[in-house]
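Undergrad: Just passing along the structure, written as structure tokens.
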Amino acid sequence: MDHGCRRFDGRVALVLGGGSDGPAADGDDIAIGNGRAIALRLASEGAHVVVADRDLASAQATVDACEGEASAVELDLADPESCRTAAERILADRGAVDAVVANAAISGHDGLRTQTIEEWDLSTSVNVTGHWLVVQALLPSMLERSSGSFVFVGSTASVRSSGRSLSYEATKAAQLAVMRHIAVRYARGGIRSNAVVLGVIDSPMVRREFTADPAAARARDSVCPMRRQGTPHEAAAAAAFLASDDASYVNGHSLIVDGGVMAAWPSPPPVIPTPESP
Ligand SMILES: NC(=O)c1ccc[n+]([C@@H]2O[C@H](COP(=O)([O-])OP(=O)(O)OC[C@H]3O[C@@H](n4cnc5c(N)ncnc54)[C@H](O)[C@@H]3O)[C@@H](O)[C@H]2O)c1
């Protein structure tokens with residue numbers, strides 16, 4: 001995986017939720033989710049990638065797939081103590097963390113009438129609280145060095161509702177608020193914070209939630225003006241850009257990576273004339 005650039009040489013990047021729950025796509029040896037693709041991308045660009053996941057074996061599978069340097073750490077975002085101790089251990093082991101990608105999330109299935117408090121609380125812990133607790137633990141060392149970059153993996157559900165999952169939509173929206181707060185409050189300390197806002201990515205998460213059935217996949221393709229889903233590697237390219245010095249004046253930004261879904265009206269778009277048609 002040679003991308004022709006080494007933007008993270010000598011740097012340490014932490015990917016939260018850098019394993020993958022699977023399933024793998026047909027023909028792939030391992031499941032490539034957004035977090036795993038981001039870890040692979042950052043490692044291929046020279047970073048030492050710390051892959052953190054509640055599932056250590058899954059994090060280790062990512063490490064094994066990385067071309068560059070990487071290490072695995074067990075971290076449960078639903079457990080504040082685990083967030084703090086893992087962050088301290090990473091700092092002790094690696095000396096510093098230059099970039100953090102907040103990728104892990106769980107998706108609920110309930111509308112407001114059936115939403116349970118238990119599932120709401122778990123989604124809040126994993127999708128929002130755990131991420132800012134890790135940031136809180138790492139931020140002082142970044143401020144000391146006047147350098148640090150955060151990338152939150154958001155969703156079109158952060159800014160639009162499909163009417164599907166109250167907890168997912170609410171927590172993904174809150175995640176962007178945390179991203180903006182960090183961007184504004186700590187910018188003078190050399191910190192940048194941004195988000196990728198992902199549309200439908202052909203990923204394990206989507207295959208789990210909406211099935212890998214070819215008809216369902218075609219239906220997902222059809223809502224996008226590009227008439228296809230994105231790939232985790234395309235999500236990773238955008239996340240790597242925001243984490244890198246190429247984005248040195250990009251701060252507090254939500255980069256939409258959705259193939260044009262949010263630009264379309266009506267949405268889903270009608271059959272769009274092909275580029276060749278008059
Ligand atoms: N696939 C899409 O179409 C799509 C669209 C928009 C946004 N996203 C976002 O992408 C991100 C996840 O995508 P993915 O492809 O990497 O999913 P994935 O299922 O491949 O990986 C998620 C990883 O998060 C880990 N995780 C779950 N709960 C955790 C916890 N409590 N503590 C630590 N780790 C935990 C899992 O073990 C898993 O390894 C989420 O932020 C999601 O909102 C995906």
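Labeling convention for the structure tokens: chains A, B, ... as they appear, residues from 1 per chain, ligands from 1 in order of appearance.
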Which residues, written as an NGL selection string, have at least one atom at most 12 Å from Thr124 of chain A, with only C-alpha atoms counted and residues fewer than 2 positions away on the same chain left out?

TA: :A and (77-79 or 104-108 or 117-122 or 126-132 or 166-175)

Undergrad: How would the residues just picked look written out with N, CA, C and O atoms as a tab-separated table (two decimals), in the first residue's frame?

TA:
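File written: selection_31.tsv
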chain	number	residue	atom	x	y	z
A	77	LEU	N	-14.04	1.87	25.46
A	77	LEU	CA	-14.51	3.26	25.54
A	77	LEU	C	-15.71	3.41	26.46
A	77	LEU	O	-16.02	4.53	26.90
A	78	ALA	N	-16.39	2.32	26.76
A	78	ALA	CA	-17.54	2.39	27.66
A	78	ALA	C	-17.12	2.45	29.12
A	78	ALA	O	-17.96	2.65	30.01
A	79	ASP	N	-15.82	2.30	29.37
A	79	ASP	CA	-15.31	2.24	30.74
A	79	ASP	C	-14.31	3.39	30.96
A	79	ASP	O	-13.18	3.33	30.46
A	104	ALA	N	-14.29	4.52	16.89
A	104	ALA	CA	-15.25	3.49	17.35
A	104	ALA	C	-16.65	4.07	17.56
A	104	ALA	O	-16.81	5.21	17.99
A	105	ALA	N	-17.63	3.29	17.21
A	105	ALA	CA	-19.02	3.68	17.51
A	105	ALA	C	-19.89	2.43	17.47
A	105	ALA	O	-19.57	1.46	16.80
A	106	ILE	N	-20.97	2.50	18.23
A	106	ILE	CA	-21.98	1.46	18.11
A	106	ILE	C	-23.24	2.12	17.56
A	106	ILE	O	-23.48	3.30	17.78
A	107	SER	N	-24.00	1.34	16.81
A	107	SER	CA	-25.20	1.92	16.21
A	107	SER	C	-26.43	1.26	16.79
A	107	SER	O	-26.51	0.03	16.86
A	108	GLY	N	-27.37	2.06	17.25
A	108	GLY	CA	-28.62	1.52	17.78
A	108	GLY	C	-29.61	1.30	16.65
A	108	GLY	O	-29.31	1.56	15.48
A	117	ILE	N	-33.19	3.46	27.91
A	117	ILE	CA	-32.17	4.27	28.58
A	117	ILE	C	-30.83	3.52	28.57
A	117	ILE	O	-29.77	4.12	28.39
A	118	GLU	N	-30.89	2.18	28.73
A	118	GLU	CA	-29.65	1.40	28.78
A	118	GLU	C	-28.86	1.54	27.47
A	118	GLU	O	-27.66	1.78	27.47
A	119	GLU	N	-29.58	1.41	26.36
A	119	GLU	CA	-28.89	1.49	25.06
A	119	GLU	C	-28.43	2.92	24.79
A	119	GLU	O	-27.36	3.15	24.24
A	120	TRP	N	-29.24	3.89	25.18
A	120	TRP	CA	-28.87	5.31	25.04
A	120	TRP	C	-27.57	5.59	25.82
A	120	TRP	O	-26.65	6.21	25.31
A	121	ASP	N	-27.54	5.10	27.07
A	121	ASP	CA	-26.36	5.35	27.90
A	121	ASP	C	-25.11	4.68	27.33
A	121	ASP	O	-24.02	5.27	27.33
A	122	LEU	N	-25.27	3.46	26.81
A	122	LEU	CA	-24.11	2.76	26.24
A	122	LEU	C	-23.62	3.51	24.98
A	122	LEU	O	-22.41	3.71	24.81
A	126	VAL	N	-19.83	5.05	24.55
A	126	VAL	CA	-18.88	4.59	23.53
A	126	VAL	C	-18.65	5.68	22.47
A	126	VAL	O	-17.52	5.96	22.09
A	127	ASN	N	-19.74	6.29	21.99
A	127	ASN	CA	-19.63	7.18	20.83
A	127	ASN	C	-19.15	8.57	21.20
A	127	ASN	O	-18.64	9.30	20.34
A	128	VAL	N	-19.34	8.96	22.45
A	128	VAL	CA	-19.00	10.34	22.83
A	128	VAL	C	-18.05	10.39	24.03
A	128	VAL	O	-16.92	10.83	23.93
A	129	THR	N	-18.53	9.90	25.18
A	129	THR	CA	-17.78	10.12	26.43
A	129	THR	C	-16.39	9.49	26.39
A	129	THR	O	-15.40	10.13	26.75
A	130	GLY	N	-16.33	8.24	25.93
A	130	GLY	CA	-15.03	7.55	25.91
A	130	GLY	C	-14.02	8.30	25.07
A	130	GLY	O	-12.84	8.39	25.44
A	131	HIS	N	-14.48	8.86	23.95
A	131	HIS	CA	-13.55	9.58	23.08
A	131	HIS	C	-13.01	10.83	23.77
A	131	HIS	O	-11.80	11.10	23.75
A	132	TRP	N	-13.91	11.62	24.41
A	132	TRP	CA	-13.36	12.84	25.02
A	132	TRP	C	-12.52	12.53	26.27
A	132	TRP	O	-11.60	13.28	26.60
A	166	LEU	N	-32.37	6.78	17.10
A	166	LEU	CA	-32.26	8.02	17.88
A	166	LEU	C	-30.90	8.15	18.55
A	166	LEU	O	-30.24	9.19	18.48
A	167	SER	N	-30.44	7.06	19.19
A	167	SER	CA	-29.19	7.16	19.96
A	167	SER	C	-28.00	7.40	19.03
A	167	SER	O	-27.10	8.18	19.35
A	168	TYR	N	-27.99	6.76	17.87
A	168	TYR	CA	-26.87	6.92	16.94
A	168	TYR	C	-26.84	8.36	16.41
A	168	TYR	O	-25.80	9.02	16.42
A	169	GLU	N	-27.99	8.84	15.97
A	169	GLU	CA	-28.03	10.20	15.41
A	169	GLU	C	-27.64	11.23	16.46
A	169	GLU	O	-26.88	12.16	16.18
A	170	ALA	N	-28.15	11.07	17.68
A	170	ALA	CA	-27.88	12.05	18.74
A	170	ALA	C	-26.41	12.02	19.16
A	170	ALA	O	-25.77	13.07	19.34
A	171	THR	N	-25.86	10.81	19.30
A	171	THR	CA	-24.47	10.73	19.77
A	171	THR	C	-23.49	11.13	18.67
A	171	THR	O	-22.45	11.74	18.95
A	172	LYS	N	-23.81	10.83	17.41
A	172	LYS	CA	-22.91	11.24	16.33
A	172	LYS	C	-22.96	12.76	16.16
A	172	LYS	O	-21.96	13.38	15.78
A	173	ALA	N	-24.10	13.38	16.46
A	173	ALA	CA	-24.18	14.85	16.44
A	173	ALA	C	-23.35	15.42	17.59
A	173	ALA	O	-22.59	16.40	17.41
A	174	ALA	N	-23.46	14.82	18.76
A	174	ALA	CA	-22.69	15.30	19.93
A	174	ALA	C	-21.19	15.18	19.68
A	174	ALA	O	-20.40	16.04	20.11
A	175	GLN	N	-20.81	14.14	18.97
A	175	GLN	CA	-19.39	13.92	18.66
A	175	GLN	C	-18.83	15.13	17.87
A	175	GLN	O	-17.70	15.57	18.12

Undergrad: Could you tell me, counting only C-alpha atoms and all ligand atoms, which protein and nucleic acid residues lie no more than 7 Å from ligand 1, written as a PDB file with N, CA and C atoms, in the first residue's frame?

TA:
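File written: pocket_5.pdb
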ATOM      1  N   LEU A  16      -8.712   4.769  17.730  1.00  0.00           N
ATOM      2  CA  LEU A  16      -9.662   4.179  18.676  1.00  0.00           C
ATOM      3  C   LEU A  16     -10.713   3.394  17.891  1.00  0.00           C
ATOM      4  N   GLY A  17     -10.862   2.126  18.201  1.00  0.00           N
ATOM      5  CA  GLY A  17     -11.740   1.282  17.392  1.00  0.00           C
ATOM      6  C   GLY A  17     -11.051   0.901  16.100  1.00  0.00           C
ATOM      7  N   GLY A  18      -9.778   0.564  16.205  1.00  0.00           N
ATOM      8  CA  GLY A  18      -8.988   0.233  15.008  1.00  0.00           C
ATOM      9  C   GLY A  18      -9.040  -1.236  14.629  1.00  0.00           C
ATOM     10  N   GLY A  19      -9.833  -2.005  15.358  1.00  0.00           N
ATOM     11  CA  GLY A  19     -10.089  -3.387  14.942  1.00  0.00           C
ATOM     12  C   GLY A  19     -11.272  -3.387  13.989  1.00  0.00           C
ATOM     13  N   SER A  20     -11.910  -4.522  13.880  1.00  0.00           N
ATOM     14  CA  SER A  20     -13.155  -4.560  13.110  1.00  0.00           C
ATOM     15  C   SER A  20     -13.983  -5.739  13.558  1.00  0.00           C
ATOM     16  N   ASP A  21     -15.276  -5.508  13.680  1.00  0.00           N
ATOM     17  CA  ASP A  21     -16.182  -6.574  14.093  1.00  0.00           C
ATOM     18  C   ASP A  21     -16.555  -7.512  12.941  1.00  0.00           C
ATOM     19  N   GLY A  22     -16.138  -7.154  11.700  1.00  0.00           N
ATOM     20  CA  GLY A  22     -16.473  -7.992  10.548  1.00  0.00           C
ATOM     21  C   GLY A  22     -17.950  -7.874  10.186  1.00  0.00           C
ATOM     22  N   ALA A  31     -11.718  -8.486   7.587  1.00  0.00           N
ATOM     23  CA  ALA A  31     -12.678  -7.394   7.414  1.00  0.00           C
ATOM     24  C   ALA A  31     -11.933  -6.070   7.404  1.00  0.00           C
ATOM     25  N   ILE A  32     -12.247  -5.227   6.453  1.00  0.00           N
ATOM     26  CA  ILE A  32     -11.642  -3.894   6.422  1.00  0.00           C
ATOM     27  C   ILE A  32     -12.730  -2.874   6.745  1.00  0.00           C
ATOM     28  N   GLY A  33     -12.737  -2.441   7.993  1.00  0.00           N
ATOM     29  CA  GLY A  33     -13.632  -1.365   8.393  1.00  0.00           C
ATOM     30  C   GLY A  33     -12.922  -0.032   8.277  1.00  0.00           C
ATOM     31  N   ASN A  34     -13.630   1.025   8.606  1.00  0.00           N
ATOM     32  CA  ASN A  34     -13.012   2.359   8.507  1.00  0.00           C
ATOM     33  C   ASN A  34     -11.814   2.481   9.442  1.00  0.00           C
ATOM     34  N   GLY A  35     -11.980   2.007  10.687  1.00  0.00           N
ATOM     35  CA  GLY A  35     -10.892   2.138  11.656  1.00  0.00           C
ATOM     36  C   GLY A  35      -9.657   1.364  11.221  1.00  0.00           C
ATOM     37  N   ARG A  36      -9.896   0.146  10.736  1.00  0.00           N
ATOM     38  CA  ARG A  36      -8.760  -0.677  10.294  1.00  0.00           C
ATOM     39  C   ARG A  36      -8.095  -0.039   9.070  1.00  0.00           C
ATOM     40  N   ALA A  52      -6.174   0.740  19.182  1.00  0.00           N
ATOM     41  CA  ALA A  52      -6.879   0.498  20.443  1.00  0.00           C
ATOM     42  C   ALA A  52      -8.265  -0.031  20.147  1.00  0.00           C
ATOM     43  N   ASP A  53      -8.656  -1.056  20.871  1.00  0.00           N
ATOM     44  CA  ASP A  53      -9.978  -1.641  20.650  1.00  0.00           C
ATOM     45  C   ASP A  53     -10.382  -2.410  21.902  1.00  0.00           C
ATOM     46  N   ARG A  54     -11.672  -2.552  22.096  1.00  0.00           N
ATOM     47  CA  ARG A  54     -12.110  -3.374  23.245  1.00  0.00           C
ATOM     48  C   ARG A  54     -11.771  -4.840  22.983  1.00  0.00           C
ATOM     49  N   ASP A  55     -11.622  -5.178  21.709  1.00  0.00           N
ATOM     50  CA  ASP A  55     -11.300  -6.553  21.313  1.00  0.00           C
ATOM     51  C   ASP A  55      -9.815  -6.589  20.918  1.00  0.00           C
ATOM     52  N   SER A  58      -8.748  -8.418  17.753  1.00  0.00           N
ATOM     53  CA  SER A  58      -9.089  -7.679  16.533  1.00  0.00           C
ATOM     54  C   SER A  58      -8.081  -6.548  16.298  1.00  0.00           C
ATOM     55  N   ALA A  59      -7.693  -5.872  17.385  1.00  0.00           N
ATOM     56  CA  ALA A  59      -6.658  -4.833  17.260  1.00  0.00           C
ATOM     57  C   ALA A  59      -5.350  -5.450  16.771  1.00  0.00           C
ATOM     58  N   LEU A  75      -8.679  -1.347  25.029  1.00  0.00           N
ATOM     59  CA  LEU A  75      -9.287  -0.138  25.590  1.00  0.00           C
ATOM     60  C   LEU A  75     -10.792  -0.223  25.363  1.00  0.00           C
ATOM     61  N   ASP A  76     -11.557  -0.115  26.456  1.00  0.00           N
ATOM     62  CA  ASP A  76     -13.020  -0.140  26.329  1.00  0.00           C
ATOM     63  C   ASP A  76     -13.538   1.274  26.536  1.00  0.00           C
ATOM     64  N   LEU A  77     -14.040   1.867  25.460  1.00  0.00           N
ATOM     65  CA  LEU A  77     -14.513   3.257  25.535  1.00  0.00           C
ATOM     66  C   LEU A  77     -15.714   3.415  26.456  1.00  0.00           C
ATOM     67  N   ALA A  78     -16.390   2.318  26.756  1.00  0.00           N
ATOM     68  CA  ALA A  78     -17.545   2.391  27.656  1.00  0.00           C
ATOM     69  C   ALA A  78     -17.122   2.452  29.117  1.00  0.00           C
ATOM     70  N   ASN A 103     -12.610   6.670  16.136  1.00  0.00           N
ATOM     71  CA  ASN A 103     -13.392   5.940  15.126  1.00  0.00           C
ATOM     72  C   ASN A 103     -14.500   5.061  15.696  1.00  0.00           C
ATOM     73  N   ALA A 104     -14.293   4.517  16.885  1.00  0.00           N
ATOM     74  CA  ALA A 104     -15.252   3.491  17.348  1.00  0.00           C
ATOM     75  C   ALA A 104     -16.650   4.066  17.555  1.00  0.00           C
ATOM     76  N   ALA A 105     -17.631   3.290  17.212  1.00  0.00           N
ATOM     77  CA  ALA A 105     -19.015   3.679  17.508  1.00  0.00           C
ATOM     78  C   ALA A 105     -19.886   2.435  17.473  1.00  0.00           C
ATOM     79  N   ILE A 106     -20.968   2.501  18.225  1.00  0.00           N
ATOM     80  CA  ILE A 106     -21.984   1.458  18.107  1.00  0.00           C
ATOM     81  C   ILE A 106     -23.240   2.117  17.558  1.00  0.00           C
ATOM     82  N   VAL A 126     -19.825   5.049  24.551  1.00  0.00           N
ATOM     83  CA  VAL A 126     -18.877   4.589  23.529  1.00  0.00           C
ATOM     84  C   VAL A 126     -18.652   5.678  22.467  1.00  0.00           C
ATOM     85  N   VAL A 153     -14.469  10.374  13.550  1.00  0.00           N
ATOM     86  CA  VAL A 153     -15.145   9.719  12.422  1.00  0.00           C
ATOM     87  C   VAL A 153     -16.652   9.877  12.627  1.00  0.00           C
ATOM     88  N   GLY A 154     -17.177  10.869  11.940  1.00  0.00           N
ATOM     89  CA  GLY A 154     -18.604  11.151  12.037  1.00  0.00           C
ATOM     90  C   GLY A 154     -19.360  10.470  10.915  1.00  0.00           C
ATOM     91  N   SER A 155     -20.606  10.841  10.813  1.00  0.00           N
ATOM     92  CA  SER A 155     -21.514  10.185   9.866  1.00  0.00           C
ATOM     93  C   SER A 155     -22.485  11.229   9.344  1.00  0.00           C
ATOM     94  N   THR A 156     -23.057  10.942   8.181  1.00  0.00           N
ATOM     95  CA  THR A 156     -24.140  11.827   7.742  1.00  0.00           C
ATOM     96  C   THR A 156     -25.250  11.841   8.801  1.00  0.00           C
ATOM     97  N   LYS A 172     -23.812  10.826  17.413  1.00  0.00           N
ATOM     98  CA  LYS A 172     -22.909  11.242  16.328  1.00  0.00           C
ATOM     99  C   LYS A 172     -22.963  12.762  16.162  1.00  0.00           C
ATOM    100  N   VAL A 197     -17.162  13.237   7.821  1.00  0.00           N
ATOM    101  CA  VAL A 197     -18.588  12.918   7.906  1.00  0.00           C
ATOM    102  C   VAL A 197     -18.871  11.926   6.773  1.00  0.00           C
ATOM    103  N   LEU A 198     -18.971  10.663   7.162  1.00  0.00           N
ATOM    104  CA  LEU A 198     -19.041   9.604   6.155  1.00  0.00           C
ATOM    105  C   LEU A 198     -20.478   9.317   5.727  1.00  0.00           C
ATOM    106  N   GLY A 199     -20.628   9.139   4.432  1.00  0.00           N
ATOM    107  CA  GLY A 199     -21.898   8.639   3.911  1.00  0.00           C
ATOM    108  C   GLY A 199     -21.895   7.125   3.992  1.00  0.00           C
ATOM    109  N   VAL A 200     -22.495   6.470   3.033  1.00  0.00           N
ATOM    110  CA  VAL A 200     -22.570   5.004   3.100  1.00  0.00           C
ATOM    111  C   VAL A 200     -21.256   4.416   2.586  1.00  0.00           C
ATOM    112  N   ILE A 201     -20.551   3.788   3.485  1.00  0.00           N
ATOM    113  CA  ILE A 201     -19.275   3.149   3.158  1.00  0.00           C
ATOM    114  C   ILE A 201     -19.516   1.635   3.141  1.00  0.00           C
ATOM    115  N   ASP A 202     -19.021   0.984   2.119  1.00  0.00           N
ATOM    116  CA  ASP A 202     -19.186  -0.477   2.020  1.00  0.00           C
ATOM    117  C   ASP A 202     -18.244  -1.125   3.027  1.00  0.00           C
ATOM    118  N   SER A 203     -18.723  -1.217   4.237  1.00  0.00           N
ATOM    119  CA  SER A 203     -17.880  -1.612   5.369  1.00  0.00           C
ATOM    120  C   SER A 203     -18.546  -2.736   6.160  1.00  0.00           C
ATOM    121  N   PRO A 204     -17.794  -3.359   7.060  1.00  0.00           N
ATOM    122  CA  PRO A 204     -18.392  -4.392   7.900  1.00  0.00           C
ATOM    123  C   PRO A 204     -19.593  -3.873   8.686  1.00  0.00           C
ATOM    124  N   MET A 205     -19.489  -2.629   9.164  1.00  0.00           N
ATOM    125  CA  MET A 205     -20.585  -2.077   9.963  1.00  0.00           C
ATOM    126  C   MET A 205     -21.883  -2.032   9.139  1.00  0.00           C
ATOM    127  N   VAL A 206     -21.767  -1.575   7.894  1.00  0.00           N
ATOM    128  CA  VAL A 206     -22.942  -1.478   7.032  1.00  0.00           C
ATOM    129  C   VAL A 206     -23.438  -2.866   6.634  1.00  0.00           C
ATOM    130  N   PRO A 232     -13.790   1.869   2.684  1.00  0.00           N
ATOM    131  CA  PRO A 232     -13.058   2.282   3.888  1.00  0.00           C
ATOM    132  C   PRO A 232     -11.732   2.969   3.551  1.00  0.00           C
TER     133      PRO A 232
END

Undergrad: Would you compute the distance between atom CA of His253 of chain A and atom CA of Trp265 of chain A? Give it in Å to one decimal.

TA: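 Atom-to-atom, atom CA of His253 of chain A to atom CA of Trp265 of chain A, that is 23.1 Å.
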
Undergrad: Using only C-alpha atoms, determine which residues lie at most 12 Å from segment 140-145 of chain A, disregarding the query and same-chain residues fewer than 4 positions distant; provide the list as an NGL selection string.

TA: :A and (12 or 87-88 or 90-92 or 94-100 or 134-136 or 149-150 or 182 or 185-192)

Undergrad: Just to confirm, what's the straight-line distance from atom CA of Arg89 of chain A to atom CA of Ala70 of chain A in Å (one decimal)?

TA: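 One can read the atom CA of Arg89 of chain A to atom CA of Ala70 of chain A distance as 14.9 Å.
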
Undergrad: When you draw a straight line from atom CA of Ser147 of chain A to atom CA of Thr85 of chain A, how long is it in Å?

TA: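 If I compute the distance from atom CA of Ser147 of chain A to atom CA of Thr85 of chain A, I get 22.0 Å.
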
Undergrad: Nearest to Arg113 of chain A among A:Ser165, A:Thr211, A:Ser244, A:Thr231, with distances taken over only C-alpha atoms: which residue is it?

TA: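 When distances to Arg113 of chain A are compared using only C-alpha atoms, the smallest one comes from A:Ser165.
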
Undergrad: Which residue gives the smallest distance to Ser161 of chain A among A:Val50, A:Gly10, A:Gly111, A:Leu255, with only C-alpha atoms counted?

TA: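 Distance minimum relative to Ser161 of chain A lands on A:Gly111.
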
Undergrad: Here is a test: counting only C-alpha atoms, which residue of A:Val250, A:Val223, A:Cys5, A:Leu42 is nearest to Ala264 of chain A?

TA: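 Among the listed residues, the smallest separation from Ala264 of chain A belongs to A:Val223.
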
Undergrad: Just checking: using only C-alpha atoms, which residue out of A:Asp2, A:Glu276, A:Asp9, A:Glu45 ends up closest to Ala240 of chain A?

TA: A:Glu45

Undergrad: Quick one: DSSP helix (DSSP H, G or I) residues in segment 41-248 of chain A, as JSON, numbers by chain?

TA: {"A": [41, 42, 43, 44, 56, 57, 58, 59, 60, 61, 62, 63, 64, 65, 80, 81, 82, 83, 84, 85, 86, 87, 88, 89, 90, 91, 92, 93, 94, 117, 118, 119, 120, 121, 122, 123, 124, 125, 126, 127, 128, 129, 130, 131, 132, 133, 134, 135, 136, 137, 138, 139, 140, 141, 142, 143, 144, 145, 156, 157, 158, 166, 167, 168, 169, 170, 171, 172, 173, 174, 175, 176, 177, 178, 179, 180, 181, 182, 183, 184, 185, 187, 188, 189, 204, 205, 206, 207, 208, 209, 210, 214, 215, 216, 217, 218, 219, 220, 221, 222, 232, 233, 234, 235, 236, 237, 238, 239, 240, 241, 242, 243, 245, 246, 247]}

Undergrad: Find the residues around His233 of chain A up to 8 Å (only C-alpha atoms counted), leave out those fewer than 6 positions away in its own chain, and share them as a compact mmCIF listing (two decimals) with C-alpha atoms, in the first residue's frame.

TA:
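See selection18.txt below for the written result:
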# COMPACT_ATOMS: atom_id res chain seq x y z
CA ASN A 34 -13.01 2.36 8.51
CA ALA A 37 -8.34 1.08 6.94
CA ILE A 38 -7.30 4.28 8.73
CA ARG A 41 -3.14 4.05 5.86

Undergrad: Restricting the calculation to only C-alpha atoms, which member of A:Ala47, A:Ala72, A:Met226, A:Leu112 is positioned closest to Gly259 of chain A?

TA: A:Met226

Undergrad: Env of Leu133 of chain A: 7 Å cut, atoms = only C-alpha atoms, seq-sep filter 5 positions within chain, self excluded. Answer as a PyMOL selection string.

TA: chain A and resi 80+83-84

Undergrad: When you look at Met262 of chain A with a cut-off of 10 Å (counting only C-alpha atoms), what residues show up, excluding the ones that are within fewer than 3 positions of it in the same chain? I need them as a VMD selection string.

TA: chain A and resid 156 159 to 160 199 224 to 225 256 to 259 265 to 268

Undergrad: Please determine, counting only C-alpha atoms, which residue among A:Gly252, A:Gly4, A:Phe241, A:Ser123 has the shortest atom-to-atom distance to Leu176 of chain A.

TA: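 Using only C-alpha atoms, the shortest distance to Leu176 of chain A belongs to A:Gly252.
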